[in-house]
Amino acid sequence: MKENEMIFGVRAVIEAIRSEKEVDKILVKRDLQSDLSKELFETLKGREIVVQRVPSERLDRITRKNHQGVIAFLPAVTYQRLEDIIPFVYEQGKSPFIVLLDRITDVRNFGAIARTCECAGVDAIVIPAKGSVTVNADAVKTSAGALHVLPICKEKSINESIRFLQESGVKVVAAAEKASDLYTTVSYDAPIAIVMGAEDVGISPENLRICDNLVKIPQFGTIGSLNVSVAASILIYEVVRQRTS
């Protein structure tokens, strides 16, 4: 990661947060204890910023500069708000097409999904503020630059985003292995959002419960599941097929 994508030092990080600068994640030296570090954690209260306690060696590997036990990582893109995207899409006379990623942490899968979304005309990708991938240099590279042109919404929670979409007239369809409906049997002509979950843990139960439809992709082999970026591509292009046929 380039040093212009990071902020080092406790005071510098505090000032960045107070000035509402977008911060993806903060690494703090595990045994850091000082009045200034207490001020940092006070500043972080109520903010959706991931903080990880790590050994000093990890911070030293990231930069040789005087980090004072704190490094903040800046996003590679400017995140947008879902509540701004949906009205904008409707105002253009379009039918919204949104992809939500629940608990996906692999940046390469994220980048591959973003590339497919951009090619398919998806209006935005939604990721949660915590427990998820963020837009870093590796994700941008895997996306072939799609993450620089496709709106990414980093929201407080996927659950709240699903409810907002439903209230906005968007049907929410989740990919789930145990679903009874095949993905091809559901209509995607209306405003639509697709929810994808991580391969190991899938979509959280509380999110599955409130989706409008659960669909599955048929599988006939012995491997447990498709790669999530491949599964996402299949569902995304089923939406495209139905909307263009």
# chains A, B, ... in the order shown; residues from 1 in each chain; ligands from 1
call {"tool": "residues_around", "arguments": {"residues": "Arg47 of chain A", "least_positions_apart": "4", "cutoff": "10 Å", "atoms": "only C-alpha atoms", "output": "ChimeraX atom specification"}}
result
/A:17,43,129,156
call {"tool": "residues_around", "arguments": {"residues": "segment 118-122 of chain A", "least_positions_apart": "6", "cutoff": "6 Å", "atoms": "only C-alpha atoms", "output": "list in words"}}
result
Phe97, Ile98 and Ala146 of chain A
call {"tool": "atom_distance", "arguments": {"atom1": "atom CA of Val23 of chain A", "atom2": "atom CA of Gln166 of chain A"}}
result
28.9 Å
call {"tool": "select_by_dssp", "arguments": {"residues": "segment 21-206 of chain A", "states": "alpha helix (DSSP H)", "output": "PyMOL selection string"}}
result
chain A and resi 35-44+56-62+82-91+107-120+137-142+158-167+205-206
call {"tool": "residues_around", "arguments": {"residues": "Gly131 of chain A", "least_positions_apart": "3", "cutoff": "8 Å", "atoms": "only C-alpha atoms", "output": "list of chain:residue names"}}
result
A:Arg103, A:Ile104, A:Thr105, A:Pro128
call {"tool": "decode", "arguments": {"residues": "segment 69-130 of chain A", "atoms": "C-alpha atoms", "output": "tab-separated table (two decimals), in the first residue's frame"}}
result
chain	number	residue	atom	x	y	z
A	69	GLY	CA	1.56	2.96	17.33
A	70	VAL	CA	-1.33	4.07	15.08
A	71	ILE	CA	-1.92	3.75	11.32
A	72	ALA	CA	-5.20	4.68	9.59
A	73	PHE	CA	-6.02	3.35	6.13
A	74	LEU	CA	-7.88	5.53	3.65
A	75	PRO	CA	-10.30	4.06	1.08
A	76	ALA	CA	-9.18	3.94	-2.54
A	77	VAL	CA	-12.51	5.48	-3.59
A	78	THR	CA	-15.08	7.89	-2.17
A	79	TYR	CA	-18.00	5.91	-0.78
A	80	GLN	CA	-21.53	6.97	-1.69
A	81	ARG	CA	-24.83	6.73	0.17
A	82	LEU	CA	-27.50	4.26	-0.86
A	83	GLU	CA	-30.22	6.74	0.11
A	84	ASP	CA	-28.79	9.11	-2.54
A	85	ILE	CA	-28.30	6.47	-5.24
A	86	ILE	CA	-31.87	5.10	-5.33
A	87	PRO	CA	-33.69	8.44	-5.89
A	88	PHE	CA	-31.07	9.36	-8.51
A	89	VAL	CA	-31.68	6.12	-10.45
A	90	TYR	CA	-35.46	6.58	-10.30
A	91	GLU	CA	-35.12	10.20	-11.45
A	92	GLN	CA	-33.25	8.96	-14.52
A	93	GLY	CA	-36.26	6.83	-15.40
A	94	LYS	CA	-34.34	3.62	-14.70
A	95	SER	CA	-35.25	0.54	-12.70
A	96	PRO	CA	-32.70	0.21	-9.85
A	97	PHE	CA	-30.32	-2.75	-9.92
A	98	ILE	CA	-28.30	-3.11	-6.70
A	99	VAL	CA	-25.92	-5.81	-5.43
A	100	LEU	CA	-25.39	-6.25	-1.67
A	101	LEU	CA	-22.42	-8.20	-0.30
A	102	ASP	CA	-22.96	-9.70	3.15
A	103	ARG	CA	-19.86	-10.82	5.09
A	104	ILE	CA	-17.64	-11.16	2.01
A	105	THR	CA	-14.02	-10.56	3.05
A	106	ASP	CA	-11.95	-11.77	0.07
A	107	VAL	CA	-10.79	-8.71	-1.90
A	108	ARG	CA	-10.25	-10.73	-5.08
A	109	ASN	CA	-13.82	-11.99	-5.05
A	110	PHE	CA	-14.97	-8.45	-4.33
A	111	GLY	CA	-12.98	-7.09	-7.25
A	112	ALA	CA	-14.28	-9.78	-9.60
A	113	ILE	CA	-17.89	-9.10	-8.56
A	114	ALA	CA	-17.38	-5.36	-9.07
A	115	ARG	CA	-16.03	-6.01	-12.58
A	116	THR	CA	-19.13	-8.05	-13.45
A	117	CYS	CA	-21.42	-5.42	-11.92
A	118	GLU	CA	-19.87	-2.64	-13.96
A	119	CYS	CA	-20.16	-4.64	-17.20
A	120	ALA	CA	-23.80	-5.54	-16.43
A	121	GLY	CA	-24.90	-1.99	-15.62
A	122	VAL	CA	-25.46	-2.49	-11.89
A	123	ASP	CA	-26.21	0.86	-10.24
A	124	ALA	CA	-24.28	0.30	-6.98
A	125	ILE	CA	-22.66	-2.27	-4.69
A	126	VAL	CA	-23.48	-2.15	-0.98
A	127	ILE	CA	-21.04	-3.38	1.68
A	128	PRO	CA	-21.39	-3.16	5.48
A	129	ALA	CA	-19.14	-0.86	7.50
A	130	LYS	CA	-17.84	-3.73	9.63
